[in-house]
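J.: Shown below is the structure under consideration.
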Amino acid sequence: MSTPSLYLNQLNVEQRSAVQRTEGPVLILAGAGSGKTRTLVYRIAHLVRSAQVDPGRIVAVTFTNKAAMEMRERVREFAGDEAKRVTISTFHSLGARILREHGVKLGLPRKFAIYSAADQMGALKSACSEISIDDDSFDLKRVMRQISDWKTRGLAPVEAVKHVASEQARGNRSDDYAVLSADAYGLYEEMLRACGAVDFDDLLLLTVRLLREDEMVRQALWKRWHYFMIDEYQDTNAVQLEMARILAGPRRNLCVVGDDDQSIYAFRGADVANILEFERHFPGTTVVKLEHNYRSTQRILAAANAIISGNRHRHAKTLRTGNPIGPLLDLWTHDTDVAEAEGVAREIQVRRMTRKMRWEEFAVLYRTNPQSRVLEEALRAQNIPYRVVGGTSFFERKEVVDCLAYLRTVVAAEDEIALRRIINWPTRGIGRTTVLKVAAMAREQRIQFARLLDVIGADDVGAASSAAITAFRKQLDEARGSLAAAEAAAAMPPPAQEHGFPPLAAWADAFFKSLAIEDALRSDHRDRTVETRIENVRDVVGTIARYERKVWSEAGTDDWEPPSMSDALARLTLAEMDEDEEDLEQGGVTLMTLHSAKGLEFSDVFIVGLEEGILPHARSLTGEGADEYGDPLAEERRLLYVGVTRAMNRLGLSYCLSRRRGGSATATMPSRYLEEIPADLVEIRDTGTTLTPEESTTLQSNFFSGIKEMLAD
DNA sequence: CCAGGGGTCCTTTTT
DNA sequence: GGACCCCTGG
C-alpha cells in the first residue's frame, strides 16, 4: 500500500503544517483520487505520534461503517496500537453512543431500540391509523420521506406544522401530503417514544437537541473529546453540521475533508453549502486544496473533468495527474440489458486471461440496485466469482426483520411495533381482527397494547383468540426468563476454549427453534427461496455470536460493558456488525451502485445502463423537488463523475437499446451525459447489435448525437 | 374469525 | 423477485 506520507509530498510547507497543526479549523478541499482519506489518516497518526495528544481525545467521523473500518485499520497501521483508543465511528453510531450515555435526560430509556426502515413504516402506519388515514389513498412512504426530511433539517413536529402553514399562507401550491405529514409526524414521534424507540434520524436530531439544551452534557463531551475529523464532509446535512459545530466546541479543532463534486446525497438532506461555506461557519479556517490525482490515467481523468464541468455552481478545480495517458475508454451498445451483462462478463473473462488480472480488480457499477440481478446471472453463467455490495441489505429481509422483532419484543415489552409484527407469525390463531380490536381498546383505555394483552379475556375477543393470546404470553414470559439467565452468563468471561455458540446466540437459537421459525418459512414459501431464508435466520444467530466475541475481545477498554441483547440489536441495526471478516475475504468481481462506490478504487471499472431514465434517473427528470435540493440533473452528473473516477486503468461504459423494466421491455435512449465525453477519448466497441449497417455507420461516425436522433423517431 | 392461495402492484440513491 | 391485498374455503 502506498503510504500517506508519500502523498503528502505534494503538499507545500504551509499545507503540510496546516494538516499537522493541533489547533483551529481546517478544511481540506480535495478532488477525486487525491488521497483525501489518507490525509485524514495522516493527521490522526501525526497527532497520536506527536505525543502531545492523548489518542482517547481524538474522534474521526465517517458516513459508513465500511469507511470507519477501513480508516481504523489504516490508522493502526500508521500509529500502532496506541491508535486503538482513537474513536472512529459513523455519525449515527456516535449519536447512539451519546444518547446511550445521556439520553435519560431527554426521557429516553437507557436501552432504547433503534428503528430502521421496516419498523419506521410500521410505526407510521400505526400512528396514521389514529387519524384514520391508513387507507390506501395515501402513499405512506412519501409521508415517511417528508418526515425524515424535516428531521434532517432539525424541525420538530410543531415546527413542521408551522412551516407547512406558512408555506400555504404564502400561497404556495397546497400540498395534501405536506399537511398530512405534519400531522402524522407528531403522532409518529409519540408512537416511537411509547415504544421506547428512536429512528435513524433521531440518532442525530436528538443528540443535537440534547447537546443544545444541556450544558452539563456539553461540558462532559468537551472534556472527553478535543479533536474532530470528518470524512466526506460534502455529504453532511443541517443536523450533522450542528452536531459537528457543538461537539467541536470552543476549541474548534475540526478538520474536515471533502469534495463538492462528489456530493451525491442531497436526496437525504445533504447540503453542499456546508462545505462551500465552511470558512464562514468556522472563521479563521485554513484551507488546503488537493488537486493532484494519484489514481487514474490521463484519459479517464480527462473524461471525468469533461463530465463534471457541465455543472455550474462548483468550486472550480481541475484535477491533474502524473499517471500515464492510458488506453481509450470503451463504449458498448447492446440490444438488451441481458446482452449488456453478458458482454461485461465476457470482457472480464478476456481481460483476466490476457492481462493476468485478478477478479478483485474489476468492478461493475450501476444506478439502481435491481440492475444487479441480470449482472449476477451473467457472471454466474460464466463461473465468475462476484460479490454484491449493499442491495437489499440483510437486515431488511423480511424474515430477518421478523426475527429481530422477536428479540426486541422479548427485550422490551413496551415495543408495540415489534410485538404487532410477530404476534401472528408464525400463525398462532391471533388474527387481524383480534389485533385491531385489541389496538382499538388499548387506544380507548389509554394503556399499552402489551399491557392490555395481559388482561384481555374471552369476553373481549372470544374464547379461541383469548386462549391463543394466553399461550403466546406464556411463551414470551418464558423467553424473558431464559434471556435473563443467558445475559447473566454472557456477562461472565467466556471460557478459553469455546464450543458452540456463546450464551446470547445460543439463547436466540433455542428461542427461534421453540417458535418453529423454520417450519413457518417452509410453509410460507414453496419456492427455492426457502433455503436462503432459513440461512438468513441462522445468520442472525451467527451475527449475535460474532457480536459477543467482538465485545469480549474489546474487554478492558474505556467504558466497556458486557454483551447484552439490547446492545446487540442496536449494533445490528446500525449495521456495525455487517461486513467484517468473511465479507472482506470473499473475493471476486465487485457489483454495486454508484453511491456505494464512493471512496473506493478499482483497476477496471464498468458503468452499465447509461441511459435516459436510468442515469439520469427518471425521478430526477420530473422536476419534482428541484427547488429544494438544487438541480437533480447536476447531482446525477456528479454520480457519474464519482463512478468514472473510481477507475485506475480502464473504464468501460455501456448502454442498451432496450431494457426490461417490470415485466416488459421498453426502448431506451443513451444517456445525455455520454455526449459530454470528448469523442477522442473513447473507442466504440462493436458488440453485434441488430442495428442495420447504415445505423451502425451512423453510430460509428456520429457517435452520440447520431444515435439520439435515430432513436428519437 | 382465521389461514392459505392467487393476483397485482412496484423498483433511486442510504445511515 | 418480492411484498402486499383481496378473496375464498374451512
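Just so we're on the same page: first chain in the C-alpha cells is A, next is B, and so on; residues restart at 1 for each chain, and ligands are numbered from 1 in the order they show up.
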Give me the residues near Cys656 of chain A as an MDAnalysis selection string, where near means some atom within 10 Å (using only C-alpha atoms (C1' of nucleotides)) and where sequence neighbours in that chain fewer than 6 positions away do not count.
T.: chainID A and resid 332:340 608:611 667:670 689
J.: Take the residues from that selection and put them in a file with all heavy atoms, as a CSV table (one decimal), in the first residue's frame.
T.:
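The result, stored in part11.csv:
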chain,number,residue,atom,x,y,z
A,332,TRP,N,-19.8,0.5,-25.2
A,332,TRP,CA,-20.5,-0.5,-25.9
A,332,TRP,C,-22.0,-0.2,-26.0
A,332,TRP,O,-22.6,0.4,-25.1
A,332,TRP,CB,-20.5,-1.8,-25.0
A,332,TRP,CG,-19.2,-2.5,-25.0
A,332,TRP,CD1,-18.7,-3.4,-25.9
A,332,TRP,CD2,-18.2,-2.4,-24.0
A,332,TRP,NE1,-17.5,-3.9,-25.5
A,332,TRP,CE2,-17.1,-3.3,-24.4
A,332,TRP,CE3,-18.0,-1.7,-22.8
A,332,TRP,CZ2,-16.0,-3.4,-23.6
A,332,TRP,CZ3,-16.9,-1.8,-22.1
A,332,TRP,CH2,-15.9,-2.7,-22.5
A,333,THR,N,-22.6,-0.6,-27.1
A,333,THR,CA,-24.0,-0.5,-27.3
A,333,THR,C,-24.5,-2.0,-27.4
A,333,THR,O,-24.0,-2.8,-28.1
A,333,THR,CB,-24.4,0.2,-28.6
A,333,THR,OG1,-23.7,1.4,-28.7
A,333,THR,CG2,-25.9,0.4,-28.8
A,334,HIS,N,-25.6,-2.2,-26.6
A,334,HIS,CA,-26.1,-3.6,-26.7
A,334,HIS,C,-27.6,-3.5,-27.0
A,334,HIS,O,-28.3,-2.5,-26.7
A,334,HIS,CB,-26.0,-4.3,-25.3
A,334,HIS,CG,-24.5,-4.6,-25.0
A,334,HIS,ND1,-23.9,-5.7,-25.5
A,334,HIS,CD2,-23.6,-4.0,-24.2
A,334,HIS,CE1,-22.7,-5.8,-25.1
A,334,HIS,NE2,-22.5,-4.7,-24.3
A,335,ASP,N,-28.1,-4.6,-27.5
A,335,ASP,CA,-29.6,-4.7,-27.7
A,335,ASP,C,-30.4,-4.7,-26.5
A,335,ASP,O,-31.4,-3.9,-26.3
A,335,ASP,CB,-29.9,-6.0,-28.5
A,335,ASP,CG,-29.7,-5.8,-30.0
A,335,ASP,OD1,-29.7,-4.6,-30.4
A,335,ASP,OD2,-29.6,-6.8,-30.7
A,336,THR,N,-30.0,-5.5,-25.5
A,336,THR,CA,-30.8,-5.6,-24.3
A,336,THR,C,-29.9,-5.6,-23.1
A,336,THR,O,-28.7,-5.7,-23.2
A,336,THR,CB,-31.5,-7.0,-24.3
A,336,THR,OG1,-30.5,-8.0,-24.2
A,336,THR,CG2,-32.4,-7.2,-25.5
A,337,ASP,N,-30.5,-5.4,-21.9
A,337,ASP,CA,-29.7,-5.4,-20.7
A,337,ASP,C,-29.1,-6.8,-20.4
A,337,ASP,O,-28.0,-6.9,-19.8
A,337,ASP,CB,-30.6,-5.1,-19.5
A,337,ASP,CG,-31.9,-5.8,-19.5
A,337,ASP,OD1,-32.3,-6.5,-20.4
A,337,ASP,OD2,-32.6,-5.7,-18.4
A,338,VAL,N,-29.7,-7.9,-20.9
A,338,VAL,CA,-29.1,-9.2,-20.8
A,338,VAL,C,-27.8,-9.3,-21.6
A,338,VAL,O,-26.8,-9.8,-21.1
A,338,VAL,CB,-30.1,-10.3,-21.2
A,338,VAL,CG1,-29.5,-11.7,-21.2
A,338,VAL,CG2,-31.4,-10.3,-20.4
A,339,ALA,N,-27.9,-8.8,-22.8
A,339,ALA,CA,-26.7,-8.8,-23.7
A,339,ALA,C,-25.6,-7.9,-23.1
A,339,ALA,O,-24.4,-8.3,-23.1
A,339,ALA,CB,-27.1,-8.3,-25.1
A,340,GLU,N,-26.0,-6.8,-22.5
A,340,GLU,CA,-25.1,-5.9,-21.8
A,340,GLU,C,-24.3,-6.7,-20.7
A,340,GLU,O,-23.1,-6.6,-20.6
A,340,GLU,CB,-25.8,-4.7,-21.3
A,340,GLU,CG,-24.9,-3.7,-20.6
A,340,GLU,CD,-25.7,-2.6,-20.0
A,340,GLU,OE1,-26.7,-2.9,-19.2
A,340,GLU,OE2,-25.4,-1.4,-20.2
A,608,VAL,N,-22.6,0.5,-16.2
A,608,VAL,CA,-23.6,0.0,-17.1
A,608,VAL,C,-24.9,0.8,-17.0
A,608,VAL,O,-25.2,1.5,-16.0
A,608,VAL,CB,-23.9,-1.5,-16.9
A,608,VAL,CG1,-22.6,-2.3,-17.1
A,608,VAL,CG2,-24.5,-1.7,-15.5
A,609,GLY,N,-25.8,0.6,-18.0
A,609,GLY,CA,-27.1,1.3,-18.0
A,609,GLY,C,-27.0,2.8,-18.2
A,609,GLY,O,-27.7,3.5,-17.5
A,610,LEU,N,-26.1,3.3,-19.0
A,610,LEU,CA,-26.0,4.7,-19.2
A,610,LEU,C,-27.1,5.1,-20.2
A,610,LEU,O,-26.9,5.4,-21.4
A,610,LEU,CB,-24.6,5.0,-19.8
A,610,LEU,CG,-23.6,5.1,-18.7
A,610,LEU,CD1,-22.2,4.9,-19.3
A,610,LEU,CD2,-23.7,6.4,-17.9
A,611,GLU,N,-28.3,5.2,-19.6
A,611,GLU,CA,-29.5,5.5,-20.4
A,611,GLU,C,-30.3,6.6,-19.8
A,611,GLU,O,-30.3,6.7,-18.5
A,611,GLU,CB,-30.3,4.3,-20.6
A,611,GLU,CG,-29.6,3.2,-21.4
A,611,GLU,CD,-29.9,1.8,-20.8
A,611,GLU,OE1,-31.0,1.6,-20.3
A,611,GLU,OE2,-28.9,1.0,-20.8
A,667,ALA,N,-38.0,0.5,-24.9
A,667,ALA,CA,-36.9,1.1,-25.6
A,667,ALA,C,-36.3,2.2,-24.8
A,667,ALA,O,-37.0,2.9,-24.0
A,667,ALA,CB,-37.4,1.7,-26.9
A,668,THR,N,-35.0,2.4,-24.9
A,668,THR,CA,-34.3,3.4,-24.1
A,668,THR,C,-33.4,4.2,-25.0
A,668,THR,O,-33.0,3.8,-26.1
A,668,THR,CB,-33.4,2.7,-23.0
A,668,THR,OG1,-32.7,1.7,-23.6
A,668,THR,CG2,-34.3,2.1,-22.0
A,669,MET,N,-33.0,5.4,-24.5
A,669,MET,CA,-32.1,6.2,-25.2
A,669,MET,C,-30.8,6.4,-24.4
A,669,MET,O,-30.8,6.4,-23.2
A,669,MET,CB,-32.7,7.6,-25.4
A,669,MET,CG,-34.0,7.6,-26.2
A,669,MET,SD,-34.2,9.2,-27.1
A,669,MET,CE,-33.9,10.4,-25.8
A,670,PRO,N,-29.7,6.6,-25.2
A,670,PRO,CA,-28.4,6.7,-24.5
A,670,PRO,C,-28.5,8.0,-23.6
A,670,PRO,O,-29.1,8.9,-23.8
A,670,PRO,CB,-27.4,7.0,-25.6
A,670,PRO,CG,-28.1,6.5,-26.9
A,670,PRO,CD,-29.6,6.6,-26.6
A,689,THR,N,-24.9,-5.6,-32.4
A,689,THR,CA,-26.3,-5.3,-32.1
A,689,THR,C,-27.1,-5.5,-33.4
A,689,THR,O,-26.5,-5.8,-34.5
A,689,THR,CB,-26.5,-3.8,-31.8
A,689,THR,OG1,-26.2,-3.0,-32.9
A,689,THR,CG2,-25.7,-3.4,-30.6
J.: Would you kindly report the residues of chain A within 10 Å of chain B, using only C-alpha atoms (C1' of nucleotides), as a PyMOL selection string?
T.: chain A and resi 63-65+90-93+116+200-201+203+264-268+367-371+390+427-434+462+464-465+523-524+573-575+593-596+614+617-620+636+639+661-662
J.: Distance cut-off 10 Å, counting only C-alpha atoms (C1' of nucleotides) - which residues of chain A neighbour chain C? Return them as an NGL selection string.
T.: :A and (370 or 373 or 398 or 529)
J.: DSSP on the backbone: which residues in segment 515-637 of chain A end up as strand (DSSP E)? Give the answer as a PyMOL selection string.
T.: chain A and resi 589-593+602-607
J.: Quick check for you: according to DSSP on this backbone, which residues of segment 458-662 of chain A are classed as helix (DSSP H, G or I)? Reply as an MDAnalysis selection string.
T.: chainID A and resid 458:461 463:490 503:514 517:524 529:553 565:573 580:585 594:597 618:620 626:629 632:644
J.: Give me, please, the distance in Å between atom CA of Ala345 of chain A and atom CA of Pro327 of chain A, quoted to one decimal.
T.: 19.7 Å
J.: For a test of reading the model, state the distance in Å between atom CA of Ala127 of chain A and atom CA of Ala184 of chain A, rounded to one decimal.
T.: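 That distance, rounded to one decimal, is 6.8 Å.
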J.: Hey, what's within 10 Å of Asp460 of chain A if we count only C-alpha atoms (C1' of nucleotides) and toss same-chain stuff fewer than 6 positions away? As a PyMOL selection string, please?
T.: chain A and resi 434+437-438+441+466
J.: Could the residues in this selection be saved with N, CA, C and O atoms as a CSV table (one decimal), in the first residue's frame?
T.:
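out_14.csv, freshly written:
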chain,number,residue,atom,x,y,z
A,434,THR,N,-58.6,-9.7,15.6
A,434,THR,CA,-58.3,-9.6,17.1
A,434,THR,C,-57.3,-8.5,17.4
A,434,THR,O,-57.5,-7.7,18.3
A,437,LYS,N,-58.9,-5.2,17.2
A,437,LYS,CA,-59.8,-5.0,18.3
A,437,LYS,C,-58.9,-4.6,19.6
A,437,LYS,O,-59.3,-3.6,20.3
A,438,VAL,N,-57.9,-5.3,19.8
A,438,VAL,CA,-57.0,-5.0,20.9
A,438,VAL,C,-56.4,-3.6,20.8
A,438,VAL,O,-56.4,-2.9,21.8
A,441,MET,N,-59.0,-1.0,21.6
A,441,MET,CA,-59.3,-1.0,23.0
A,441,MET,C,-58.1,-0.3,23.8
A,441,MET,O,-58.4,0.5,24.7
A,466,SER,N,-58.6,-15.7,22.8
A,466,SER,CA,-58.1,-15.4,24.1
A,466,SER,C,-57.2,-16.5,24.6
A,466,SER,O,-56.1,-16.2,25.2
